[in-house]
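This is my_file-v2.cif (mmCIF, C-alpha atoms).
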data_entry
#
loop_
_atom_site.label_atom_id
_atom_site.label_comp_id
_atom_site.auth_asym_id
_atom_site.auth_seq_id
_atom_site.Cartn_x
_atom_site.Cartn_y
_atom_site.Cartn_z
CA MET A 130 -54.39 -39.21 45.46
CA VAL A 131 -50.98 -37.58 45.51
CA ARG A 132 -49.73 -40.68 47.26
CA GLU A 133 -51.27 -43.01 44.70
CA THR A 134 -49.86 -41.01 41.77
CA LEU A 135 -46.44 -40.82 43.38
CA GLY A 136 -46.47 -44.57 43.90
CA GLU A 137 -47.26 -45.15 40.26
CA LEU A 138 -44.57 -42.70 39.13
CA LEU A 139 -42.01 -44.40 41.36
CA ARG A 140 -42.84 -47.77 39.84
CA GLY A 141 -42.22 -46.09 36.49
CA GLY A 142 -38.98 -44.69 37.89
CA VAL A 143 -37.75 -48.25 38.49
CA VAL A 144 -38.31 -49.04 34.81
CA THR A 145 -36.55 -45.79 33.85
CA LEU A 146 -33.61 -46.88 35.99
CA GLN A 147 -33.54 -50.29 34.28
CA ILE A 148 -33.53 -48.70 30.83
CA ALA A 149 -30.83 -46.16 31.73
CA SER A 150 -28.57 -48.76 33.38
CA GLY A 151 -29.00 -51.26 30.57
CA ALA A 152 -28.34 -48.65 27.90
CA TRP A 153 -25.37 -47.34 29.88
CA VAL A 154 -23.73 -50.78 29.94
CA VAL A 155 -24.38 -51.28 26.21
CA GLY A 156 -22.98 -47.80 25.46
CA ALA A 157 -19.91 -48.19 27.66
CA VAL A 158 -18.95 -51.62 26.28
CA LEU A 159 -19.73 -50.90 22.63
CA GLY A 160 -18.03 -47.51 22.88
CA LEU A 161 -14.85 -49.13 24.19
CA ALA A 162 -14.95 -51.67 21.37
CA LEU A 163 -15.34 -48.87 18.80
CA ALA A 164 -12.51 -46.83 20.33
CA VAL A 165 -10.13 -49.82 20.46
CA MET A 166 -10.97 -50.70 16.85
CA GLN A 167 -10.22 -47.17 15.80
CA ASP A 168 -7.00 -47.09 17.79
CA LEU A 169 -5.71 -50.32 16.24
CA GLY A 170 -6.55 -48.71 12.90
CA LEU A 171 -7.14 -51.76 10.73
CA ALA A 172 -8.19 -50.15 7.45
CA PRO A 173 -11.48 -51.94 6.61
CA VAL A 174 -12.55 -51.97 10.25
CA LYS A 175 -11.75 -48.30 10.51
CA ALA A 176 -13.88 -47.36 7.51
CA LEU A 177 -16.78 -49.39 8.89
CA GLN A 178 -16.31 -47.87 12.32
CA THR A 179 -16.20 -44.30 11.00
CA SER A 180 -19.37 -44.70 8.96
CA LEU A 181 -21.07 -46.38 11.92
CA THR A 182 -20.14 -43.52 14.25
CA ILE A 183 -21.27 -40.88 11.77
CA SER A 184 -24.61 -42.63 11.23
CA LEU A 185 -25.22 -43.14 14.93
CA ARG A 186 -24.52 -39.48 15.59
CA SER A 187 -26.75 -38.21 12.81
CA VAL A 188 -29.86 -40.31 13.30
CA PRO A 189 -32.24 -39.36 16.15
CA GLN A 190 -32.53 -41.92 18.94
CA LEU A 191 -36.27 -42.06 18.39
CA VAL A 192 -35.71 -43.24 14.79
CA ILE A 193 -33.20 -45.89 15.95
CA LEU A 194 -35.79 -47.01 18.51
CA TYR A 195 -38.52 -47.25 15.85
CA LEU A 196 -36.17 -49.23 13.58
CA LEU A 197 -35.44 -51.75 16.33
CA TYR A 198 -38.98 -52.01 17.68
CA PHE A 199 -41.26 -51.65 14.65
CA GLY A 200 -38.71 -52.38 11.91
CA LEU A 201 -37.34 -55.62 13.34
CA GLY A 202 -40.83 -56.50 14.52
CA ALA A 203 -42.11 -56.45 10.93
CA LEU A 204 -39.26 -58.77 9.93
CA GLY A 205 -40.46 -61.23 12.55
CA ILE A 206 -37.87 -60.37 15.21
CA GLN A 207 -40.19 -59.07 17.92
CA ILE A 208 -38.31 -57.69 20.92
CA ASN A 209 -40.14 -56.13 23.86
CA SER A 210 -40.22 -52.37 24.26
CA LEU A 211 -37.88 -52.39 27.26
CA LEU A 212 -35.15 -54.27 25.43
CA ALA A 213 -35.65 -52.16 22.29
CA ALA A 214 -35.18 -48.97 24.34
CA ILE A 215 -32.07 -50.35 26.05
CA LEU A 216 -30.48 -51.34 22.75
CA ALA A 217 -31.47 -48.16 20.86
CA LEU A 218 -30.30 -45.74 23.54
CA GLY A 219 -27.19 -47.81 24.24
CA VAL A 220 -26.14 -47.98 20.60
CA ALA A 221 -26.72 -44.23 20.15
CA ASP A 222 -24.73 -43.56 23.32
CA ALA A 223 -21.78 -45.66 22.09
CA ALA A 224 -21.00 -43.09 19.38
CA PHE A 225 -20.33 -40.61 22.16
CA THR A 226 -18.63 -42.87 24.71
CA ALA A 227 -16.22 -44.00 21.97
CA GLU A 228 -15.14 -40.36 21.78
CA TYR A 229 -14.55 -40.20 25.57
CA TYR A 230 -12.32 -43.28 25.41
CA ARG A 231 -10.44 -41.92 22.40
CA ALA A 232 -9.81 -38.61 24.17
CA GLY A 233 -8.67 -40.62 27.19
CA PHE A 234 -6.23 -42.68 25.08
CA MET A 235 -4.65 -39.45 23.87
CA MET A 236 -3.85 -38.44 27.45
CA VAL A 237 -1.33 -41.29 27.72
CA PRO A 238 2.06 -40.28 26.29
CA TRP A 239 3.03 -42.09 23.10
CA THR A 240 6.42 -43.09 24.57
CA GLN A 241 4.64 -45.45 26.95
CA ARG A 242 3.31 -47.40 23.99
CA GLU A 243 6.77 -47.61 22.47
CA ALA A 244 8.09 -48.80 25.81
CA GLY A 245 5.35 -51.41 26.00
CA VAL A 246 6.10 -52.72 22.50
CA SER A 247 9.82 -52.84 23.22
CA LEU A 248 9.02 -55.01 26.26
CA GLY A 249 7.40 -57.48 23.90
CA LEU A 250 3.73 -56.66 24.36
CA SER A 251 1.47 -56.77 21.32
CA ARG A 252 -0.31 -53.59 20.21
CA MET A 253 -3.53 -54.92 21.68
CA GLY A 254 -1.66 -55.85 24.86
CA VAL A 255 -0.21 -52.35 25.18
CA LEU A 256 -3.63 -50.82 24.71
CA MET A 257 -5.46 -53.03 27.22
CA ARG A 258 -2.70 -53.29 29.87
CA VAL A 259 -0.91 -49.95 29.64
CA VAL A 260 -3.19 -47.36 28.05
CA VAL A 261 -6.73 -48.28 29.13
CA PRO A 262 -6.02 -48.51 32.88
CA GLN A 263 -4.49 -45.02 32.87
CA THR A 264 -7.44 -43.49 31.05
CA ILE A 265 -9.90 -44.48 33.79
CA PRO A 266 -9.73 -41.14 35.67
CA PHE A 267 -10.49 -39.27 32.44
CA VAL A 268 -13.21 -41.58 31.21
CA VAL A 269 -15.20 -42.21 34.38
CA PRO A 270 -16.68 -38.69 34.80
CA PRO A 271 -18.00 -38.34 31.23
CA LEU A 272 -19.37 -41.89 31.46
CA LEU A 273 -21.23 -40.96 34.64
CA ASN A 274 -22.53 -37.84 32.92
CA SER A 275 -23.79 -39.99 30.10
CA PHE A 276 -25.68 -42.09 32.68
CA VAL A 277 -27.40 -38.93 33.94
CA GLY A 278 -28.22 -38.08 30.30
CA LEU A 279 -29.63 -41.58 29.79
CA LEU A 280 -31.92 -41.21 32.80
CA LYS A 281 -33.49 -38.34 30.87
CA THR A 282 -33.48 -39.90 27.39
CA ALA A 283 -35.02 -43.06 28.86
CA THR A 284 -38.32 -41.14 28.59
CA LEU A 285 -38.21 -41.90 24.84
CA ALA A 286 -39.18 -45.47 25.70
CA ALA A 287 -42.68 -44.10 26.36
CA ALA A 288 -43.01 -43.75 22.58
CA VAL A 289 -43.01 -47.54 22.19
CA GLY A 290 -45.10 -48.13 25.30
CA ALA A 291 -42.49 -49.12 27.87
CA PRO A 292 -44.07 -48.30 31.26
CA GLU A 293 -41.40 -45.85 32.41
CA ILE A 294 -42.04 -42.71 34.43
CA LEU A 295 -43.36 -40.43 31.69
CA TYR A 296 -45.60 -43.14 30.21
CA ARG A 297 -47.20 -43.71 33.61
CA GLY A 298 -47.36 -39.96 34.12
CA GLN A 299 -49.30 -39.52 30.89
CA ASN A 300 -51.70 -42.27 31.97
CA ALA A 301 -52.17 -40.59 35.35
CA MET A 302 -52.75 -37.24 33.62
CA SER A 303 -55.49 -38.57 31.36
CA ARG A 304 -57.07 -40.59 34.17
CA THR A 305 -57.15 -37.90 36.86
CA GLY A 306 -56.99 -34.73 34.75
CA GLN A 307 -54.48 -33.39 37.30
CA ILE A 308 -51.92 -32.18 34.76
CA VAL A 309 -50.10 -29.71 36.97
CA LEU A 310 -49.83 -32.12 39.88
CA VAL A 311 -48.44 -34.99 37.79
CA MET A 312 -46.12 -32.60 35.94
CA GLY A 313 -44.85 -31.22 39.25
CA LEU A 314 -44.20 -34.68 40.67
CA ILE A 315 -42.25 -35.86 37.60
CA ILE A 316 -40.14 -32.71 37.53
CA ALA A 317 -39.54 -32.95 41.28
CA LEU A 318 -38.42 -36.59 41.01
CA TYR A 319 -36.05 -35.79 38.15
CA VAL A 320 -34.60 -32.75 39.92
CA ILE A 321 -34.09 -34.69 43.16
CA VAL A 322 -32.19 -37.45 41.34
CA THR A 323 -30.24 -35.69 38.59
CA MET A 324 -29.25 -32.36 40.17
CA PRO A 325 -27.15 -33.86 43.02
CA LEU A 326 -25.79 -36.52 40.64
CA THR A 327 -24.59 -33.86 38.20
CA ARG A 328 -22.96 -31.90 41.02
CA ALA A 329 -21.31 -35.03 42.41
CA VAL A 330 -19.88 -35.94 39.01
CA ALA A 331 -18.46 -32.42 38.61
CA VAL A 332 -16.70 -32.69 42.00
CA LEU A 333 -15.41 -36.18 41.19
CA GLU A 334 -14.15 -34.93 37.83
CA ARG A 335 -12.10 -32.14 39.43
CA ARG A 336 -10.65 -34.51 42.05
CA LEU A 337 -9.78 -37.29 39.60
CA ARG A 338 -8.25 -34.86 37.15
CA SER A 339 -6.00 -33.14 39.65
CA TYR A 340 -5.04 -36.59 41.00
CA ALA A 341 -4.26 -37.96 37.55
CA LEU A 342 -2.29 -34.93 36.41
CA SER A 343 -0.27 -34.52 39.60
CA MET B 85 -38.10 -47.38 -7.48
CA SER B 86 -41.32 -45.49 -8.16
CA GLN B 87 -42.42 -46.54 -4.68
CA LEU B 88 -39.33 -44.89 -3.20
CA ALA B 89 -40.02 -41.75 -5.23
CA SER B 90 -43.57 -41.53 -3.93
CA TRP B 91 -42.35 -42.05 -0.36
CA LEU B 92 -39.75 -39.32 -0.79
CA ALA B 93 -42.39 -36.94 -2.15
CA ILE B 94 -44.48 -37.50 0.97
CA LEU B 95 -41.51 -37.27 3.36
CA ALA B 96 -40.28 -34.06 1.72
CA GLY B 97 -43.25 -32.19 3.17
CA GLY B 98 -42.33 -33.34 6.66
CA LEU B 99 -38.67 -32.57 6.09
CA ILE B 100 -39.53 -28.94 5.38
CA VAL B 101 -41.38 -28.73 8.70
CA THR B 102 -38.36 -30.30 10.46
CA ILE B 103 -36.08 -27.69 8.89
CA LYS B 104 -38.41 -24.84 9.84
CA LEU B 105 -38.77 -26.18 13.38
CA SER B 106 -34.98 -26.48 13.76
CA ALA B 107 -34.31 -23.06 12.23
CA PHE B 108 -36.70 -21.18 14.54
CA THR B 109 -35.46 -23.13 17.55
CA THR B 110 -31.83 -22.40 16.72
CA LEU B 111 -32.49 -18.69 16.27
CA PHE B 112 -34.35 -18.35 19.58
CA THR B 113 -31.85 -20.60 21.37
CA ILE B 114 -28.91 -18.39 20.37
CA VAL B 115 -30.67 -15.26 21.66
CA TRP B 116 -31.96 -16.84 24.86
CA SER B 117 -28.63 -18.57 25.66
CA THR B 118 -26.71 -15.33 25.18
CA LEU B 119 -29.04 -13.53 27.59
CA LEU B 120 -28.80 -16.37 30.12
CA ALA B 121 -25.01 -16.52 29.86
CA ILE B 122 -24.71 -12.77 30.39
CA CYS B 123 -27.04 -13.01 33.40
CA ALA B 124 -24.93 -15.88 34.76
CA ILE B 125 -21.79 -13.67 34.85
CA SER B 126 -23.67 -10.57 36.01
CA PRO B 127 -22.08 -8.56 38.85
CA TRP B 128 -25.44 -8.62 40.68
CA ARG B 129 -25.53 -11.69 42.86
CA PRO B 130 -29.31 -12.37 42.78
CA VAL B 131 -29.36 -12.28 38.96
CA ARG B 132 -26.35 -14.58 38.81
CA VAL B 133 -27.73 -17.09 41.31
CA LEU B 134 -31.13 -17.11 39.62
CA ALA B 135 -29.63 -17.65 36.15
CA VAL B 136 -27.42 -20.51 37.32
CA PHE B 137 -30.31 -22.12 39.23
CA TYR B 138 -32.59 -21.80 36.19
CA ASN B 139 -30.00 -23.53 34.03
CA ASP B 140 -29.45 -26.36 36.50
CA LEU B 141 -33.19 -26.86 36.90
CA LEU B 142 -33.99 -26.90 33.19
CA ARG B 143 -31.15 -29.28 32.46
CA SER B 144 -32.59 -31.85 34.84
CA ILE B 145 -35.93 -32.02 33.04
CA PRO B 146 -36.08 -34.48 30.10
CA LEU B 147 -36.94 -32.81 26.79
CA LEU B 148 -39.78 -35.23 26.06
CA ALA B 149 -41.31 -34.47 29.47
CA LEU B 150 -41.10 -30.75 28.70
CA LEU B 151 -42.75 -31.25 25.32
CA ILE B 152 -45.57 -33.31 26.78
CA PHE B 153 -46.14 -30.83 29.60
CA PHE B 154 -46.30 -27.98 27.14
CA TYR B 155 -48.70 -29.93 24.97
CA TYR B 156 -51.09 -31.12 27.69
CA GLY B 157 -50.63 -28.24 30.11
CA LEU B 158 -50.08 -25.11 28.09
CA GLY B 159 -51.68 -26.47 24.93
CA ARG B 160 -55.22 -26.10 26.23
CA LEU B 161 -54.57 -22.64 27.59
CA VAL B 162 -53.04 -21.25 24.41
CA ALA B 163 -55.17 -23.14 21.88
CA GLY B 164 -57.67 -20.28 22.08
CA LEU B 165 -54.91 -17.88 21.05
CA GLY B 166 -54.33 -19.88 17.90
CA ILE B 167 -50.89 -21.17 18.96
CA SER B 168 -50.27 -24.52 17.28
CA SER B 169 -48.26 -27.46 18.59
CA PHE B 170 -45.50 -26.37 16.18
CA TRP B 171 -44.83 -23.26 18.29
CA LEU B 172 -45.17 -25.21 21.52
CA ALA B 173 -42.45 -27.51 20.20
CA VAL B 174 -40.28 -24.51 19.26
CA ALA B 175 -40.72 -23.16 22.80
CA ALA B 176 -39.93 -26.47 24.53
CA LEU B 177 -36.92 -27.20 22.31
CA THR B 178 -35.59 -23.66 22.80
CA ILE B 179 -35.93 -23.81 26.58
CA ASN B 180 -34.24 -27.21 26.69
CA GLU B 181 -31.32 -26.43 24.36
CA SER B 182 -30.65 -22.97 25.86
CA ALA B 183 -29.96 -24.45 29.26
CA TYR B 184 -27.04 -26.38 27.74
CA LEU B 185 -25.78 -23.78 25.29
CA ALA B 186 -25.88 -21.03 27.93
CA GLU B 187 -23.39 -23.08 29.98
CA VAL B 188 -21.04 -23.25 27.00
CA TYR B 189 -21.41 -19.52 26.33
CA ARG B 190 -20.83 -18.78 30.03
CA GLY B 191 -17.57 -20.74 29.85
CA THR B 192 -16.32 -18.72 26.89
CA LEU B 193 -17.31 -15.45 28.60
CA LEU B 194 -15.46 -16.45 31.75
CA ALA B 195 -12.38 -17.29 29.69
CA ILE B 196 -11.77 -13.60 28.95
CA PRO B 197 -8.96 -12.50 31.30
CA GLN B 198 -10.04 -10.41 34.28
CA ILE B 199 -7.59 -7.62 33.29
CA GLN B 200 -9.75 -6.75 30.30
CA TRP B 201 -12.70 -6.02 32.58
CA GLU B 202 -10.44 -3.86 34.71
CA ALA B 203 -9.00 -2.08 31.67
CA ALA B 204 -12.50 -1.37 30.33
CA ALA B 205 -13.62 -0.09 33.73
CA SER B 206 -10.58 2.18 33.97
CA LEU B 207 -11.50 3.58 30.54
CA GLY B 208 -14.84 4.56 32.03
CA LEU B 209 -16.98 1.86 30.40
CA GLY B 210 -19.92 0.57 32.40
CA TRP B 211 -20.64 -3.15 32.84
CA ALA B 212 -23.16 -3.35 30.00
CA SER B 213 -20.93 -1.45 27.55
CA THR B 214 -17.96 -3.62 28.50
CA VAL B 215 -19.96 -6.75 27.68
CA ARG B 216 -21.25 -5.27 24.43
CA LEU B 217 -18.08 -3.61 23.13
CA VAL B 218 -15.21 -5.58 24.64
CA ILE B 219 -16.29 -9.07 25.70
CA LEU B 220 -18.89 -10.23 23.16
CA PRO B 221 -16.87 -9.37 20.01
CA GLN B 222 -14.01 -11.51 21.31
CA VAL B 223 -16.04 -14.56 22.28
CA LEU B 224 -18.23 -14.69 19.17
CA PRO B 225 -15.75 -16.73 17.07
CA SER B 226 -15.16 -19.30 19.82
CA GLY B 227 -18.90 -19.71 20.29
CA VAL B 228 -19.47 -20.63 16.65
CA PRO B 229 -18.45 -24.32 16.68
CA SER B 230 -20.56 -25.15 19.73
CA THR B 231 -23.49 -23.30 18.22
CA VAL B 232 -23.27 -25.37 15.04
CA ASN B 233 -23.04 -28.54 17.17
CA MET B 234 -26.17 -27.35 18.96
CA LEU B 235 -27.94 -27.11 15.60
CA ILE B 236 -27.19 -30.80 15.01
CA GLY B 237 -28.69 -31.61 18.41
CA VAL B 238 -31.75 -29.52 17.63
CA ILE B 239 -32.43 -31.31 14.35
CA LYS B 240 -32.16 -34.70 16.06
CA ASN B 241 -34.26 -33.65 19.03
CA SER B 242 -36.91 -32.12 16.80
CA SER B 243 -37.95 -35.70 15.99
CA LEU B 244 -39.51 -35.81 19.46
CA ALA B 245 -42.00 -33.16 18.32
CA SER B 246 -43.66 -35.98 16.35
CA LEU B 247 -44.98 -37.23 19.71
CA ILE B 248 -46.94 -34.01 20.25
CA ALA B 249 -48.54 -34.09 16.78
CA VAL B 250 -46.18 -31.72 14.95
CA ASN B 251 -46.25 -32.98 11.37
CA GLU B 252 -42.48 -33.03 10.92
CA VAL B 253 -40.61 -35.76 9.08
CA THR B 254 -40.69 -38.47 11.78
CA LEU B 255 -44.47 -38.15 12.17
CA THR B 256 -44.85 -38.13 8.39
CA ALA B 257 -42.85 -41.38 8.29
CA THR B 258 -44.97 -42.92 11.04
CA ILE B 259 -48.14 -42.08 9.11
CA LEU B 260 -46.56 -43.58 5.99
CA VAL B 261 -45.79 -46.75 7.97
CA SER B 262 -49.44 -47.04 9.00
CA GLN B 263 -50.40 -46.93 5.32
CA THR B 264 -47.67 -49.16 3.85
CA PHE B 265 -47.01 -51.57 6.77
CA GLU B 266 -43.31 -51.45 5.89
CA PRO B 267 -41.70 -49.98 9.03
CA MET B 268 -38.18 -51.24 8.28
CA GLN B 269 -37.93 -49.68 4.81
CA VAL B 270 -39.72 -46.42 5.67
CA TYR B 271 -37.72 -45.80 8.85
CA LEU B 272 -34.47 -46.66 7.03
CA VAL B 273 -35.32 -44.03 4.41
CA LEU B 274 -36.08 -41.64 7.27
CA ALA B 275 -32.70 -42.41 8.88
CA VAL B 276 -30.93 -41.72 5.59
CA LEU B 277 -32.78 -38.40 5.25
CA TYR B 278 -31.60 -37.32 8.71
CA LEU B 279 -28.09 -38.44 7.82
CA LEU B 280 -28.10 -36.39 4.60
CA LEU B 281 -29.46 -33.36 6.44
CA ILE B 282 -26.95 -33.54 9.30
CA LEU B 283 -23.81 -34.74 7.52
CA PRO B 284 -22.96 -31.40 5.83
CA ILE B 285 -23.53 -29.59 9.13
CA SER B 286 -21.23 -32.06 10.94
CA LEU B 287 -18.52 -31.43 8.37
CA LEU B 288 -19.03 -27.67 8.76
CA ALA B 289 -18.78 -28.00 12.56
CA ARG B 290 -15.54 -29.96 12.27
CA TRP B 291 -14.07 -27.41 9.86
CA LEU B 292 -15.13 -24.52 12.12
CA GLU B 293 -13.59 -26.23 15.14
CA ARG B 294 -10.27 -26.42 13.34
CA ARG B 295 -10.58 -22.91 11.96
CA PHE B 296 -11.68 -21.12 15.12
CA GLY B 297 -10.21 -23.66 17.51
CA ALA B 298 -6.72 -22.37 16.70
CA SER B 299 -7.39 -18.80 17.81
CA ALA B 300 -9.87 -19.61 20.54
CA GLY B 301 -8.03 -22.71 21.69
CA MET B 302 -5.72 -20.96 24.13
CA VAL B 303 -8.59 -19.22 25.86
CA GLU B 304 -10.54 -22.45 26.10
CA GLU B 305 -7.60 -24.35 27.54
CA ILE B 306 -7.76 -22.10 30.58
CA ALA B 307 -11.50 -22.61 30.98
CA ALA B 308 -11.46 -26.38 30.58
CA PRO B 309 -7.98 -27.80 31.01
CA ALA B 310 -7.15 -31.00 29.19
CA GLY B 311 -10.69 -32.30 29.02
CA PRO B 312 -12.09 -34.17 26.07
CA ARG B 313 -14.11 -31.68 24.02
CA LEU B 314 -17.65 -32.89 24.31
CA ALA B 315 -19.85 -32.89 21.28
CA ALA B 316 -23.52 -32.06 21.61
CA GLN B 317 -25.15 -34.64 23.82
CA PRO B 318 -28.22 -36.11 22.24
CA GLY B 319 -31.70 -35.97 23.50
CA SER B 320 -30.98 -34.93 27.03
#
File written out as structure tokens:
Amino acid sequence: MVRETLGELLRGGVVTLQIASGAWVVGAVLGLALAVMQDLGLAPVKALQTSLTISLRSVPQLVILYLLYFGLGALGIQINSLLAAILALGVADAAFTAEYYRAGFMMVPWTQREAGVSLGLSRMGVLMRVVVPQTIPFVVPPLLNSFVGLLKTATLAAAVGAPEILYRGQNAMSRTGQIVLVMGLIIALYVIVTMPLTRAVAVLERRLRSYALS
Amino acid sequence: MSQLASWLAILAGGLIVTIKLSAFTTLFTIVWSTLLAICAISPWRPVRVLAVFYNDLLRSIPLLALLIFFYYGLGRLVAGLGISSFWLAVAALTINESAYLAEVYRGTLLAIPQIQWEAAASLGLGWASTVRLVILPQVLPSGVPSTVNMLIGVIKNSSLASLIAVNEVTLTATILVSQTFEPMQVYLVLAVLYLLLILPISLLARWLERRFGASAGMVEEIAAPAGPRLAAQPGS
């Protein structure tokens, strides 16, 4: 029975992985877009961006998920629970990744931008060709950390019925009544995956930082 | 308009539960994190190792999983004692948040220069008195901004308690949706309520960071050189 339960949880784990990866891509891309918009500082865009960031940071992911799944559903735009989870978690994550990029941009000395402009690059060109490539060592570790975080928040998808690990775990619990066993297996799987990942990211962060600052 | 007013009247009840839930969690989290952080810098190796391992372990468990385990696992055991799902949620949220906040507190404790420990020891202070009289008073200001950021995280995460039948504002909204069949409008109102609750705290956190960041900044630079200051991570 342990084997059967473990098999079911692992199938859920695959879905968890899909949600986390999807949301991570959405968060990383949208976050970069937000950070670039803020950096270019076009007034109306900036106001919109600031209010968007504040809202995304203040509203729980579960509420964003409900808005996308039930809210849009009632308006006739029915998306499946997997996609809703990916979008909701990704959008919420973008508010934070934008901050990582922005902090990264600040690591590049201002004189480099002036140099870039004096060579005839546009402001956008300077940002994408001079600034962004240099921020990679500073941005990669927090982005990886946010992936580890997303592996955990992906459990929220259970609330809209996406068959990820916790959803399947709950089913197994009510079917077999083996609460402690199922609990133990889920915790074990999470520990096995996230603990080494967190450690690895910490090591990478130290290495990249000393490399970038040397 | 009268419809909105009646919705708000219903949601207000849930909002009060959300505030209570967050307040108790924050209080317990501060106490528990401080104890954990002190254990994590203890001179006794077993205590230190255990505290660090506990933190690492708890941080790898998703909050929702913890809530559900408490509800299904502990819930039946403690139901006889009259412990409601509200207190189970407080316990799960506290355990989850403390694992993160304790790390932050540990960082600020470690940022106190080693000489101060030596100076205190040479004055005849024991380890516990050094922590109480010398170290804690200095790190309290620098711990304030991250504690306020934690409060924001707690309020957001408390929405997950709706999934274990705590009648806080998200559950109240969900019940309202089942009566009105207007998920978009109700959940938008809910989102605005969270925004209004959290916005003043965000502004306070930002102000505190500027206020205390100036004096604590130098100490923190040593602990975490040149890194982007991370705000409270949601839901993890």
Which residues, written as a short mmCIF file (atom, residue, chain, number, x, y, z; two decimals) with C-alpha atoms, keeping the file's coordinate frame, have at least one atom at most 8 Å from segment 309-325 of chain A, with all atoms listed in the file counted and residues fewer than 3 positions away on the same chain left out?
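Ended up saving to around-v5.cif:
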data_model
loop_
_atom_site.label_atom_id
_atom_site.label_comp_id
_atom_site.auth_asym_id
_atom_site.auth_seq_id
_atom_site.Cartn_x
_atom_site.Cartn_y
_atom_site.Cartn_z
CA VAL A 131 -50.98 -37.58 45.51
CA THR A 134 -49.86 -41.01 41.77
CA LEU A 135 -46.44 -40.82 43.38
CA LEU A 138 -44.57 -42.70 39.13
CA VAL A 277 -27.40 -38.93 33.94
CA ILE A 294 -42.04 -42.71 34.43
CA LEU A 295 -43.36 -40.43 31.69
CA GLY A 298 -47.36 -39.96 34.12
CA ALA A 301 -52.17 -40.59 35.35
CA MET A 302 -52.75 -37.24 33.62
CA ARG A 328 -22.96 -31.90 41.02
CA ALA A 329 -21.31 -35.03 42.41
CA ASP B 140 -29.45 -26.36 36.50
CA LEU B 141 -33.19 -26.86 36.90
CA SER B 144 -32.59 -31.85 34.84
CA ILE B 145 -35.93 -32.02 33.04
CA PHE B 153 -46.14 -30.83 29.60
CA GLY B 157 -50.63 -28.24 30.11
#
Residues of chain B within 8 Å of chain A, all atoms listed in the file counted, as a PyMOL selection string: chain B and resi 140-141+144-149+153+156-157+236+240-241+243-244+247+254+266-269+271-272+274-276+278-279+282-283+311-312+315+317-320
Residues at most 12 Å from Glu252 of chain B, counting all atoms listed in the file, excluding those fewer than 3 positions away in the same chain, as an mmCIF file with C-alpha atoms, in the coordinates of the input?
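The resulting file, selection27.cif, is reproduced below:
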data_model
loop_
_atom_site.group_PDB
_atom_site.id
_atom_site.type_symbol
_atom_site.label_atom_id
_atom_site.label_comp_id
_atom_site.auth_asym_id
_atom_site.auth_seq_id
_atom_site.Cartn_x
_atom_site.Cartn_y
_atom_site.Cartn_z
ATOM 1 C CA ILE B 94 -44.480 -37.500 0.970
ATOM 2 C CA LEU B 95 -41.510 -37.270 3.360
ATOM 3 C CA ALA B 96 -40.280 -34.060 1.720
ATOM 4 C CA GLY B 97 -43.250 -32.190 3.170
ATOM 5 C CA GLY B 98 -42.330 -33.340 6.660
ATOM 6 C CA LEU B 99 -38.670 -32.570 6.090
ATOM 7 C CA ILE B 100 -39.530 -28.940 5.380
ATOM 8 C CA VAL B 101 -41.380 -28.730 8.700
ATOM 9 C CA THR B 102 -38.360 -30.300 10.460
ATOM 10 C CA ILE B 103 -36.080 -27.690 8.890
ATOM 11 C CA LYS B 104 -38.410 -24.840 9.840
ATOM 12 C CA LEU B 105 -38.770 -26.180 13.380
ATOM 13 C CA SER B 106 -34.980 -26.480 13.760
ATOM 14 C CA SER B 169 -48.260 -27.460 18.590
ATOM 15 C CA PHE B 170 -45.500 -26.370 16.180
ATOM 16 C CA ALA B 173 -42.450 -27.510 20.200
ATOM 17 C CA ILE B 239 -32.430 -31.310 14.350
ATOM 18 C CA LYS B 240 -32.160 -34.700 16.060
ATOM 19 C CA ASN B 241 -34.260 -33.650 19.030
ATOM 20 C CA SER B 242 -36.910 -32.120 16.800
ATOM 21 C CA SER B 243 -37.950 -35.700 15.990
ATOM 22 C CA LEU B 244 -39.510 -35.810 19.460
ATOM 23 C CA ALA B 245 -42.000 -33.160 18.320
ATOM 24 C CA SER B 246 -43.660 -35.980 16.350
ATOM 25 C CA LEU B 247 -44.980 -37.230 19.710
ATOM 26 C CA ILE B 248 -46.940 -34.010 20.250
ATOM 27 C CA ALA B 249 -48.540 -34.090 16.780
ATOM 28 C CA LEU B 255 -44.470 -38.150 12.170
ATOM 29 C CA THR B 256 -44.850 -38.130 8.390
ATOM 30 C CA ALA B 257 -42.850 -41.380 8.290
ATOM 31 C CA THR B 258 -44.970 -42.920 11.040
ATOM 32 C CA ILE B 259 -48.140 -42.080 9.110
ATOM 33 C CA LEU B 274 -36.080 -41.640 7.270
ATOM 34 C CA TYR B 278 -31.600 -37.320 8.710
#
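Shortest separation to Leu288 of chain B among B:Val261, B:Leu158, B:Val228, B:Val250 occurs at residue B:Val228, atoms counted being all atoms listed in the file.
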Please determine, counting all atoms listed in the file, which residue among B:Leu281, B:Thr264, B:Thr231, B:Ser226 has the shortest atom-to-atom distance to Arg294 of chain B.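 So, comparing all the options, the nearest one is B:Ser226.
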